[in-house]
Every structure is written in C-alpha cells, then in structure tokens.
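K.L.:
Provided below: entry_2.txt, containing compact mmCIF, C-alpha atoms.
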# COMPACT_ATOMS: atom_id res chain seq x y z
CA MET A 93 18.61 3.61 -17.37
CA LYS A 94 15.29 5.42 -17.46
CA THR A 95 13.05 2.43 -18.20
CA PRO A 96 12.97 -1.19 -16.96
CA LEU A 97 13.09 -2.43 -20.56
CA VAL A 98 15.73 -1.76 -23.22
CA ASP A 99 16.19 -3.01 -26.77
CA PRO A 100 19.33 -4.44 -28.41
CA GLN A 101 20.06 -1.17 -30.18
CA TYR A 102 20.21 0.71 -26.90
CA LEU A 103 22.42 -1.91 -25.28
CA GLN A 104 24.79 -1.80 -28.24
CA SER A 105 24.97 2.00 -27.94
CA ILE A 106 26.32 1.74 -24.37
CA ILE A 107 28.34 -1.44 -24.82
CA ASN A 108 31.66 0.34 -24.12
CA ASP A 109 30.44 2.08 -20.95
CA SER A 110 32.91 1.12 -18.20
CA ASP A 111 30.07 0.93 -15.66
CA LEU A 112 27.97 -1.45 -17.76
CA ILE A 113 27.55 -5.04 -16.59
CA ILE A 114 25.58 -7.48 -18.72
CA LEU A 115 24.12 -10.45 -16.86
CA ASP A 116 23.13 -13.70 -18.56
CA ALA A 117 20.32 -15.08 -16.39
CA SER A 118 19.41 -17.98 -18.69
CA MET A 119 18.00 -21.03 -16.93
CA LYS A 120 20.40 -23.73 -18.02
CA ASP A 121 18.10 -26.49 -16.81
CA ASN A 122 14.83 -25.03 -18.06
CA LYS A 123 12.46 -27.31 -19.93
CA ALA A 124 11.23 -24.77 -22.44
CA GLY A 125 13.33 -26.12 -25.29
CA ILE A 126 16.54 -24.16 -25.83
CA THR A 127 18.37 -24.97 -29.04
CA THR A 128 21.98 -26.03 -28.57
CA ASP A 129 23.34 -23.02 -30.45
CA LEU A 130 21.79 -20.71 -27.82
CA ALA A 131 22.71 -22.86 -24.83
CA ASN A 132 26.46 -22.41 -25.29
CA ILE A 133 26.81 -18.76 -26.28
CA HIS A 134 26.06 -15.42 -24.72
CA ILE A 135 26.44 -11.71 -25.38
CA LYS A 136 30.10 -10.76 -25.51
CA SER A 137 31.43 -9.92 -22.02
CA ALA A 138 28.23 -11.08 -20.29
CA ARG A 139 28.56 -12.56 -16.81
CA LEU A 140 26.64 -15.67 -15.79
CA PHE A 141 23.98 -14.98 -13.16
CA ASP A 142 23.24 -18.40 -11.60
CA LEU A 143 19.69 -17.85 -10.38
CA LYS A 144 19.09 -21.42 -9.22
CA ASN A 145 22.24 -21.79 -7.15
CA ASP A 146 24.08 -18.58 -6.24
CA PHE A 147 21.00 -16.34 -6.10
CA SER A 148 18.34 -18.50 -4.41
CA ALA A 149 18.07 -19.33 -0.71
CA PRO A 150 19.97 -22.63 -0.36
CA LYS A 151 17.95 -24.10 2.52
CA SER A 152 14.48 -23.16 1.33
CA ALA A 153 11.92 -25.91 0.79
CA PHE A 154 10.65 -24.03 -2.25
CA PRO A 155 12.32 -23.22 -5.59
CA ASN A 156 13.68 -19.77 -6.52
CA THR A 157 13.31 -18.38 -3.00
CA LEU A 158 14.74 -14.90 -2.54
CA PRO A 159 18.12 -15.09 -0.73
CA GLN A 160 18.98 -13.07 2.35
CA PRO A 161 20.26 -9.56 1.50
CA GLN A 162 23.76 -10.33 2.78
CA ASP A 163 23.96 -13.46 0.61
CA PHE A 164 22.73 -11.57 -2.46
CA GLU A 165 25.26 -8.84 -1.77
CA ALA A 166 28.15 -11.30 -1.46
CA ALA A 167 27.19 -13.12 -4.67
CA CYS A 168 26.97 -9.81 -6.55
CA GLN A 169 30.36 -8.72 -5.29
CA LYS A 170 31.82 -12.04 -6.49
CA LEU A 171 30.47 -11.22 -9.96
CA GLY A 172 32.28 -7.87 -9.86
CA ILE A 173 29.10 -5.82 -9.54
CA ASN A 174 29.53 -2.36 -8.04
CA ALA A 175 27.21 0.14 -6.39
CA ASN A 176 27.40 2.33 -9.52
CA SER A 177 27.01 -0.50 -12.06
CA LYS A 178 24.56 -0.10 -14.92
CA ILE A 179 23.03 -3.55 -15.20
CA VAL A 180 21.29 -5.07 -18.21
CA VAL A 181 19.99 -8.58 -17.64
CA TYR A 182 18.76 -11.00 -20.31
CA ASP A 183 18.03 -14.68 -20.91
CA ASN A 184 18.13 -17.00 -23.90
CA LEU A 185 14.35 -17.50 -24.11
CA GLY A 186 13.67 -13.87 -24.98
CA VAL A 187 11.86 -12.93 -21.78
CA TYR A 188 11.61 -15.59 -19.08
CA SER A 189 13.97 -15.51 -16.09
CA SER A 190 15.42 -12.03 -16.67
CA PRO A 191 12.49 -10.11 -15.09
CA ARG A 192 12.99 -12.13 -11.89
CA VAL A 193 16.60 -10.92 -11.73
CA TRP A 194 15.52 -7.34 -12.48
CA TRP A 195 13.05 -7.53 -9.58
CA MET A 196 15.70 -8.97 -7.26
CA PHE A 197 18.01 -6.04 -7.90
CA LYS A 198 15.13 -3.61 -7.34
CA ILE A 199 14.18 -5.20 -4.01
CA MET A 200 17.84 -5.06 -2.99
CA GLY A 201 17.90 -1.32 -3.64
CA HIS A 202 19.73 -1.17 -6.99
CA LYS A 203 17.77 1.13 -9.31
CA ASN A 204 20.02 1.22 -12.39
CA VAL A 205 18.92 -2.10 -13.88
CA ALA A 206 16.91 -3.08 -16.96
CA VAL A 207 15.82 -6.16 -18.90
CA LEU A 208 16.88 -6.69 -22.51
CA ASP A 209 13.61 -7.08 -24.40
CA GLY A 210 13.79 -10.18 -26.58
CA GLY A 211 16.94 -11.37 -24.84
CA LEU A 212 19.64 -13.30 -26.64
CA PRO A 213 17.48 -14.17 -29.71
CA ALA A 214 16.77 -10.47 -30.33
CA TRP A 215 20.45 -9.59 -29.83
CA ILE A 216 21.51 -12.19 -32.40
CA GLU A 217 18.77 -11.13 -34.81
CA ALA A 218 20.12 -7.57 -34.64
CA GLY A 219 23.53 -8.87 -35.73
CA TYR A 220 25.44 -8.02 -32.57
CA GLU A 221 28.44 -9.85 -31.13
CA THR A 222 28.30 -13.06 -29.09
CA GLU A 223 30.92 -15.42 -27.68
CA THR A 224 31.17 -18.98 -26.40
CA ILE A 225 30.43 -19.28 -22.69
CA THR A 226 33.56 -19.88 -20.61
CA GLU A 227 34.17 -19.80 -16.88
CA LYS A 228 35.48 -16.44 -15.67
CA THR A 229 36.44 -14.79 -12.42
CA PHE A 230 36.17 -11.10 -11.61
CA GLU A 231 37.70 -8.55 -9.31
CA ALA A 232 35.39 -8.22 -6.29
CA GLY A 233 32.82 -5.45 -6.60
CA ASP A 234 31.51 -3.09 -3.92
CA PHE A 235 27.77 -3.75 -4.40
CA LYS A 236 25.71 -3.11 -1.27
CA ALA A 237 22.19 -4.42 -0.71
CA SER A 238 19.53 -2.14 0.74
CA PHE A 239 16.52 -4.38 1.22
CA TYR A 240 12.92 -3.21 0.60
CA PRO A 241 10.77 -5.73 2.53
CA GLU A 242 7.47 -4.25 1.30
CA MET A 243 8.24 -5.60 -2.19
CA VAL A 244 7.88 -9.25 -1.12
CA LYS A 245 4.90 -10.92 0.57
CA ASP A 246 4.58 -14.16 2.51
CA THR A 247 1.79 -16.69 2.94
CA GLY A 248 0.48 -14.99 6.08
CA PHE A 249 -0.04 -11.72 4.23
CA VAL A 250 -1.74 -13.41 1.28
CA LEU A 251 -4.03 -15.38 3.62
CA SER A 252 -5.14 -12.28 5.52
CA ASN A 253 -5.59 -10.43 2.22
CA ILE A 254 -8.38 -12.83 1.23
CA ASP A 255 -10.60 -11.14 3.82
CA ASP A 256 -9.23 -7.61 4.08
CA LYS A 257 -8.63 -7.22 0.32
CA SER A 258 -5.91 -4.61 0.88
CA SER A 259 -4.12 -5.78 -2.29
CA ILE A 260 -5.01 -7.45 -5.58
CA VAL A 261 -3.34 -10.82 -6.16
CA ILE A 262 -2.58 -11.57 -9.81
CA ASP A 263 -1.57 -15.11 -10.80
CA ALA A 264 0.72 -15.60 -13.82
CA ARG A 265 0.04 -19.33 -14.29
CA SER A 266 -1.95 -20.71 -17.21
CA GLU A 267 -5.73 -20.54 -17.10
CA GLY A 268 -6.03 -24.32 -16.76
CA ARG A 269 -3.77 -24.43 -13.71
CA PHE A 270 -5.52 -21.40 -12.23
CA ILE A 271 -9.05 -22.79 -12.51
CA GLY A 272 -7.94 -26.30 -11.58
CA THR A 273 -8.57 -28.15 -14.83
CA SER A 274 -4.89 -28.68 -15.71
CA PRO A 275 -2.28 -30.38 -13.51
CA GLU A 276 0.63 -28.59 -11.88
CA PRO A 277 4.13 -29.41 -13.22
CA ARG A 278 5.26 -30.35 -9.70
CA LYS A 279 4.16 -33.89 -8.84
CA GLY A 280 1.58 -34.13 -6.08
CA LEU A 281 0.70 -30.43 -6.17
CA SER A 282 -2.96 -29.52 -6.45
CA SER A 283 -3.98 -26.96 -9.07
CA GLY A 284 -6.50 -24.20 -8.43
CA HIS A 285 -6.00 -20.68 -7.10
CA ILE A 286 -5.91 -18.39 -4.10
CA PRO A 287 -9.46 -17.14 -3.33
CA ASN A 288 -10.19 -13.65 -4.69
CA SER A 289 -7.09 -13.68 -6.93
CA CYS A 290 -7.29 -13.00 -10.66
CA ASN A 291 -5.48 -14.63 -13.56
CA LEU A 292 -3.10 -13.11 -16.11
CA PRO A 293 -1.04 -15.86 -17.79
CA PHE A 294 2.43 -14.46 -18.41
CA SER A 295 2.27 -15.53 -22.05
CA LYS A 296 -0.46 -12.92 -22.65
CA VAL A 297 1.94 -10.00 -22.13
CA LEU A 298 4.54 -11.43 -24.54
CA ASP A 299 4.78 -11.87 -28.29
CA ASN A 300 7.60 -13.96 -29.76
CA GLY A 301 9.79 -13.52 -26.70
CA LYS A 302 9.27 -9.77 -26.39
CA TYR A 303 6.86 -7.62 -24.43
CA LYS A 304 3.80 -6.49 -26.32
CA PRO A 305 3.52 -2.77 -27.13
CA VAL A 306 2.51 -0.48 -24.27
CA GLU A 307 -0.96 0.19 -25.68
CA GLU A 308 -1.69 -3.53 -25.83
CA LEU A 309 -0.41 -3.99 -22.28
CA LYS A 310 -2.67 -1.16 -21.10
CA ASN A 311 -5.68 -2.95 -22.56
CA ILE A 312 -4.66 -6.28 -21.03
CA PHE A 313 -4.49 -4.76 -17.54
CA LYS A 314 -7.65 -2.74 -18.16
CA ASP A 315 -9.51 -6.01 -18.72
CA LEU A 316 -8.60 -7.02 -15.15
CA ASN A 317 -10.63 -4.07 -13.79
CA LEU A 318 -7.90 -3.01 -11.40
CA ASP A 319 -8.19 -0.11 -8.99
CA GLU A 320 -5.50 1.80 -7.08
CA ARG A 321 -4.74 -0.96 -4.57
CA PRO A 322 -1.23 -2.50 -4.52
CA LEU A 323 -0.69 -5.50 -6.79
CA VAL A 324 0.81 -8.76 -5.52
CA PHE A 325 2.06 -11.06 -8.26
CA SER A 326 2.14 -14.83 -7.91
CA CYS A 327 2.87 -17.85 -10.15
CA GLY A 328 4.23 -21.35 -9.58
CA SER A 329 7.47 -20.48 -7.81
CA GLY A 330 7.96 -16.70 -8.02
CA LEU A 331 9.64 -16.62 -11.44
CA THR A 332 7.04 -15.82 -14.11
CA ALA A 333 5.20 -13.57 -11.63
CA CYS A 334 8.00 -11.09 -12.31
CA ILE A 335 7.22 -11.12 -16.04
CA ILE A 336 3.77 -9.66 -15.46
CA LEU A 337 5.06 -7.43 -12.65
CA LEU A 338 7.46 -5.78 -15.11
CA ALA A 339 4.63 -5.46 -17.64
CA SER A 340 2.59 -3.71 -14.96
CA GLU A 341 5.47 -1.34 -14.21
CA LEU A 342 5.38 -0.26 -17.87
CA VAL A 343 1.72 0.82 -17.77
CA ASN A 344 0.44 1.11 -14.18
CA GLU A 345 1.26 3.25 -11.15
CA ASN A 346 0.17 0.72 -8.52
CA LYS A 347 2.65 -0.39 -5.90
CA THR A 348 3.86 -3.91 -6.64
CA ALA A 349 5.16 -6.93 -4.76
CA VAL A 350 5.79 -10.64 -5.34
CA TYR A 351 4.37 -13.52 -3.32
CA ASP A 352 7.70 -15.28 -3.28
CA GLY A 353 6.56 -18.77 -2.27
CA SER A 354 3.73 -18.49 -4.80
CA TRP A 355 1.53 -21.46 -5.61
CA THR A 356 4.10 -24.07 -4.59
CA GLU A 357 4.16 -22.81 -1.01
CA TRP A 358 0.42 -22.11 -0.89
CA ALA A 359 -0.63 -25.56 -2.11
CA LEU A 360 1.90 -27.37 0.11
CA THR A 361 0.85 -25.50 3.26
CA GLU A 362 -1.81 -27.29 5.28
CA ASN A 363 -5.32 -25.86 5.49
CA MET A 364 -4.82 -23.14 2.88
CA PRO A 365 -8.07 -22.36 1.04
CA ILE A 366 -8.01 -23.30 -2.65
CA ASP A 367 -10.63 -22.29 -5.20
CA LYS A 368 -11.34 -24.19 -8.42
CA VAL A 369 -13.82 -23.80 -11.21
CA GLU A 370 -17.19 -25.33 -10.37
CA GLU A 371 -17.81 -28.60 -12.17
Starting from the file, give its structure as structure tokens.
P.N.:
Amino acid sequence: MKTPLVDPQYLQSIINDSDLIILDASMKDNKAGITTDLANIHIKSARLFDLKNDFSAPKSAFPNTLPQPQDFEAACQKLGINANSKIVVYDNLGVYSSPRVWWMFKIMGHKNVAVLDGGLPAWIEAGYETETITEKTFEAGDFKASFYPEMVKDTGFVLSNIDDKSSIVIDARSEGRFIGTSPEPRKGLSSGHIPNSCNLPFSKVLDNGKYKPVEELKNIFKDLNLDERPLVFSCGSGLTACIILLASELVNENKTAVYDGSWTEWALTENMPIDKVEE
C-alpha cells in the first residue's frame, strides 16, 4: 500500500487478495463508549489483534509498552501473518487504537501496512460485509521482525532533549491535562507537561472518527511552528500519540518517533521536571 491511510472502498477492492490480512485492533475494554452492536462484530475475515495482552510487554509497569521484537514476531506468526502480508488495521471507534498498531508494524520493519480511515463505523456505513466475532486459530505465519530502535524514545532521551532541543516533543493529551488544569485519568498521577513540549490534542486531527483532509492537517501542524527537527510524539501511555504521528506522516517530512512510556512514565518517575500553566 502506497499510503498509511486507506478508505473502505480501497479495502473492498483488494478484499480477495490472498496476501491481505485485516486486523481488528479494537480496545475491548476501552471507556470511550462502544455500542453493543459494534462490540461483537468485525469486518469479515478480520483477525483479532489483542493490543493489551498479546502485543504489549507483559512485565512493564506502564500500559501499552512496546513488546520485545521476538515477542512481537511470535505473536504475529500465531496470527498467521507473513513477511509478504498486506496488512490493513482498524478499530471500532473509527480511529483510536489502530494507528498504534500501524506504528508497531513500522517499527518492527513491516512496511506494507495501513490504517482503515473511519474504521468499522465507516466500513458499515459503506455497506460492506461484517460477521460476528468468534475465536479462530490460524496456520503459523513466517513474519520476521526487523527492529528500528530510532523510532522509539525513552525517558532519558526526553530528559536530555529539554536542554539540547534536538527534537520537538508533541503531546497528544487534552489541553487541560497538558497545562495542568484537568486531572489525569490515572489515579494519583499529576497533570502538566514535559518542559519545552507543545500540545496537539489528538481530537484536533480527527473529524467524526476519520482523519481531517490533508490541507486541514497541514494548517494544524503549521500552527505549531515546526522546523526540520525530528518529532517525538507523546500522550498518556503511548496510544493516542500514534494518532497524531500518523497525521504528521501524511503532511510532514520530519523523522518521527514515539516516547513509549509517555506521560505515565514521566510523571511517575522521581525528580522529573513538570511544567504547568501559571496560576
């Protein structure tokens, strides 16, 4: 696939491709309010991509942590994913968890992957086929991970970046959480932001569960006054950061990475500097 974003019509046009694998990355325990009719169905022949369990580091103290390459590889093979698979990933919120999965495949070296813009709601609206979710097993695939470490950053890098400013950190959380006037969803976690970071709430790049048109996205990023430095995307736990990272990929040429621990790790780490709006 030539772009990181495809529409339902394109997916339908390749639905019979033997190399196509459709991944349902819906967050079954998300609190965003999924209606029951969307919770129990998926695109016909889709395979369940369990982001929280099979594709997150099991012993991490933080949610959604990127797994080790060998663990990601084994979980992909169990899903029947091959080295030559054409992957389209979606979720049942339109655009929410699917960009995180897209980014994970990119960091593991798989280039032929895209997000279904609008996800399951857009697929249903287009009148295409769905089925009830059932448990399935697959013939083992031959997927191989080729890890790109430069696409993920840790707390040490982000801390040093405050002074050396080698990259621009962009935070996808809401404005209230960023400036420290709204509480964090995680109990006991301070709000605020990493010094010298800027704020782009992920909701600003979306409209009714789909990405805004490219021209609108260009203007949104233009308002951030970016230069040619690499962009490091952060959020609460590394999930919605990937929404704005994908938006950036559509309109910018900057190198990109994710601060995987994001605000949860930053705020829980002792002696990390935290900025808030002045009272």
K.L.:
Near segment 194-202 of chain A, counting all atoms listed in the file, which residues have an atom at most 9 Å away, once you skip same-chain residues fewer than 6 positions from it, shown as JSON, numbers by chain?
P.N.:
{"A": [96, 158, 161, 164, 165, 175, 176, 177, 179, 180, 181, 235, 236, 237, 238, 239, 240, 241, 242, 243, 244, 334, 337, 338, 350]}
K.L.:
Just write the chosen residues, C-alpha atoms, as a PDB file, in the coordinates of the input.
P.N.:
ATOM      1  CA  PRO A  96      12.970  -1.190 -16.960  1.00  0.00           C
ATOM      2  CA  LEU A 158      14.740 -14.900  -2.540  1.00  0.00           C
ATOM      3  CA  PRO A 161      20.260  -9.560   1.500  1.00  0.00           C
ATOM      4  CA  PHE A 164      22.730 -11.570  -2.460  1.00  0.00           C
ATOM      5  CA  GLU A 165      25.260  -8.840  -1.770  1.00  0.00           C
ATOM      6  CA  ALA A 175      27.210   0.140  -6.390  1.00  0.00           C
ATOM      7  CA  ASN A 176      27.400   2.330  -9.520  1.00  0.00           C
ATOM      8  CA  SER A 177      27.010  -0.500 -12.060  1.00  0.00           C
ATOM      9  CA  ILE A 179      23.030  -3.550 -15.200  1.00  0.00           C
ATOM     10  CA  VAL A 180      21.290  -5.070 -18.210  1.00  0.00           C
ATOM     11  CA  VAL A 181      19.990  -8.580 -17.640  1.00  0.00           C
ATOM     12  CA  PHE A 235      27.770  -3.750  -4.400  1.00  0.00           C
ATOM     13  CA  LYS A 236      25.710  -3.110  -1.270  1.00  0.00           C
ATOM     14  CA  ALA A 237      22.190  -4.420  -0.710  1.00  0.00           C
ATOM     15  CA  SER A 238      19.530  -2.140   0.740  1.00  0.00           C
ATOM     16  CA  PHE A 239      16.520  -4.380   1.220  1.00  0.00           C
ATOM     17  CA  TYR A 240      12.920  -3.210   0.600  1.00  0.00           C
ATOM     18  CA  PRO A 241      10.770  -5.730   2.530  1.00  0.00           C
ATOM     19  CA  GLU A 242       7.470  -4.250   1.300  1.00  0.00           C
ATOM     20  CA  MET A 243       8.240  -5.600  -2.190  1.00  0.00           C
ATOM     21  CA  VAL A 244       7.880  -9.250  -1.120  1.00  0.00           C
ATOM     22  CA  CYS A 334       8.000 -11.090 -12.310  1.00  0.00           C
ATOM     23  CA  LEU A 337       5.060  -7.430 -12.650  1.00  0.00           C
ATOM     24  CA  LEU A 338       7.460  -5.780 -15.110  1.00  0.00           C
ATOM     25  CA  VAL A 350       5.790 -10.640  -5.340  1.00  0.00           C
TER      26      VAL A 350
END
K.L.:
Counting all atoms listed in the file, which of A:Thr332, A:Ser326, A:Asn132, A:Ser152 gets nearest to Thr226 of chain A?
P.N.:
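Smallest distance to Thr226 of chain A is found for A:Asn132.
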K.L.:
Given the point (31.3, -9.8, -17.4) in the coordinates of this file, which residues lie within 7 Å, counting all atoms listed in the file, and how would they look as a list of chain:residue names?
P.N.:
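Looking at atoms near the point gives A:Ile113, A:Ile114, A:Ser137, A:Ala138, A:Arg139.
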K.L.:
Record the distance separating atom CA of Lys136 of chain A and atom CA of Gln104 of chain A, expressed in Å with one decimal.
P.N.:
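Computing the Euclidean distance for atom CA of Lys136 of chain A and atom CA of Gln104 of chain A yields 10.8 Å.
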K.L.:
Excluding same-chain residues fewer than 5 positions from Leu208 of chain A, what lies within 8 Å of it counting all atoms listed in the file, as a short mmCIF file (atom, residue, chain, number, x, y, z; two decimals) with C-alpha atoms, keeping the file's coordinate frame?
P.N.:
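Dumped to part.cif:
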data_model
loop_
_atom_site.label_atom_id
_atom_site.label_comp_id
_atom_site.auth_asym_id
_atom_site.auth_seq_id
_atom_site.Cartn_x
_atom_site.Cartn_y
_atom_site.Cartn_z
CA LEU A 97 13.09 -2.43 -20.56
CA VAL A 98 15.73 -1.76 -23.22
CA ASP A 99 16.19 -3.01 -26.77
CA PRO A 100 19.33 -4.44 -28.41
CA LEU A 103 22.42 -1.91 -25.28
CA VAL A 180 21.29 -5.07 -18.21
CA VAL A 181 19.99 -8.58 -17.64
CA TYR A 182 18.76 -11.00 -20.31
#
K.L.:
Between atom CA of Gly301 of chain A and atom CA of Asn184 of chain A, what is the distance in Å, rounded to a tenth?
P.N.:
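Separating atom CA of Gly301 of chain A from atom CA of Asn184 of chain A is a distance of 9.5 Å.
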K.L.:
I need the residue nearest Asn108 of chain A from this list: A:Ala167, A:Lys178, A:Val205, A:Asn300. Use only C-alpha atoms for the distance.
P.N.:
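Between A:Ala167, A:Lys178, A:Val205, A:Asn300, the residue approaching Asn108 of chain A most closely is A:Lys178.
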K.L.:
Hey, what's within 12 Å of Pro277 of chain A if we count all atoms listed in the file and toss same-chain stuff fewer than 4 positions away? As a list in words, please?
P.N.:
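Contacts, in chain order: Lys123, Arg265, Ser266, Gly268, Arg269, Leu281, Ser282, Ser283, Gly328, Ser329, Trp355 and Thr356 of chain A.
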K.L.:
Regenerate segment 136-151 of chain A at the level of N, CA, C and O atoms and dump it as a compact mmCIF listing (two decimals), keeping the file's coordinate frame.
P.N.:
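Writing the result to selection05.txt gives the following:
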# COMPACT_ATOMS: atom_id res chain seq x y z
N LYS A 136 28.67 -10.97 -25.81
CA LYS A 136 30.10 -10.76 -25.51
C LYS A 136 30.26 -9.98 -24.21
O LYS A 136 29.61 -8.95 -24.00
N SER A 137 31.10 -10.51 -23.33
CA SER A 137 31.43 -9.92 -22.02
C SER A 137 30.33 -10.09 -20.97
O SER A 137 30.44 -9.54 -19.86
N ALA A 138 29.28 -10.84 -21.29
CA ALA A 138 28.23 -11.08 -20.29
C ALA A 138 28.77 -11.95 -19.15
O ALA A 138 29.70 -12.74 -19.33
N ARG A 139 28.18 -11.79 -17.98
CA ARG A 139 28.56 -12.56 -16.81
C ARG A 139 27.39 -13.47 -16.42
O ARG A 139 26.24 -13.05 -16.45
N LEU A 140 27.69 -14.70 -16.08
CA LEU A 140 26.64 -15.67 -15.79
C LEU A 140 26.03 -15.41 -14.42
O LEU A 140 26.73 -15.40 -13.40
N PHE A 141 24.73 -15.21 -14.39
CA PHE A 141 23.98 -14.98 -13.16
C PHE A 141 23.25 -16.28 -12.85
O PHE A 141 22.23 -16.61 -13.47
N ASP A 142 23.78 -17.07 -11.91
CA ASP A 142 23.24 -18.40 -11.60
C ASP A 142 22.08 -18.27 -10.62
O ASP A 142 22.25 -18.33 -9.41
N LEU A 143 20.88 -18.10 -11.18
CA LEU A 143 19.69 -17.85 -10.38
C LEU A 143 19.36 -19.03 -9.47
O LEU A 143 19.00 -18.86 -8.31
N LYS A 144 19.49 -20.23 -9.97
CA LYS A 144 19.09 -21.42 -9.22
C LYS A 144 20.01 -21.72 -8.04
O LYS A 144 19.57 -22.24 -7.02
N ASN A 145 21.28 -21.41 -8.18
CA ASN A 145 22.24 -21.79 -7.15
C ASN A 145 22.74 -20.61 -6.34
O ASN A 145 22.47 -20.50 -5.13
N ASP A 146 23.45 -19.68 -6.97
CA ASP A 146 24.08 -18.58 -6.24
C ASP A 146 23.09 -17.54 -5.75
O ASP A 146 23.37 -16.80 -4.80
N PHE A 147 21.92 -17.43 -6.41
CA PHE A 147 21.00 -16.34 -6.10
C PHE A 147 19.62 -16.83 -5.67
O PHE A 147 18.62 -16.16 -5.87
N SER A 148 19.55 -18.01 -5.05
CA SER A 148 18.34 -18.50 -4.41
C SER A 148 18.72 -19.00 -3.02
O SER A 148 19.84 -19.47 -2.80
N ALA A 149 17.79 -18.90 -2.08
CA ALA A 149 18.07 -19.33 -0.71
C ALA A 149 18.36 -20.82 -0.68
O ALA A 149 17.52 -21.63 -1.08
N PRO A 150 19.54 -21.23 -0.23
CA PRO A 150 19.97 -22.63 -0.36
C PRO A 150 19.18 -23.61 0.49
O PRO A 150 19.06 -24.78 0.12
N LYS A 151 18.64 -23.18 1.62
CA LYS A 151 17.95 -24.10 2.52
C LYS A 151 16.44 -24.02 2.44
O LYS A 151 15.72 -24.64 3.23
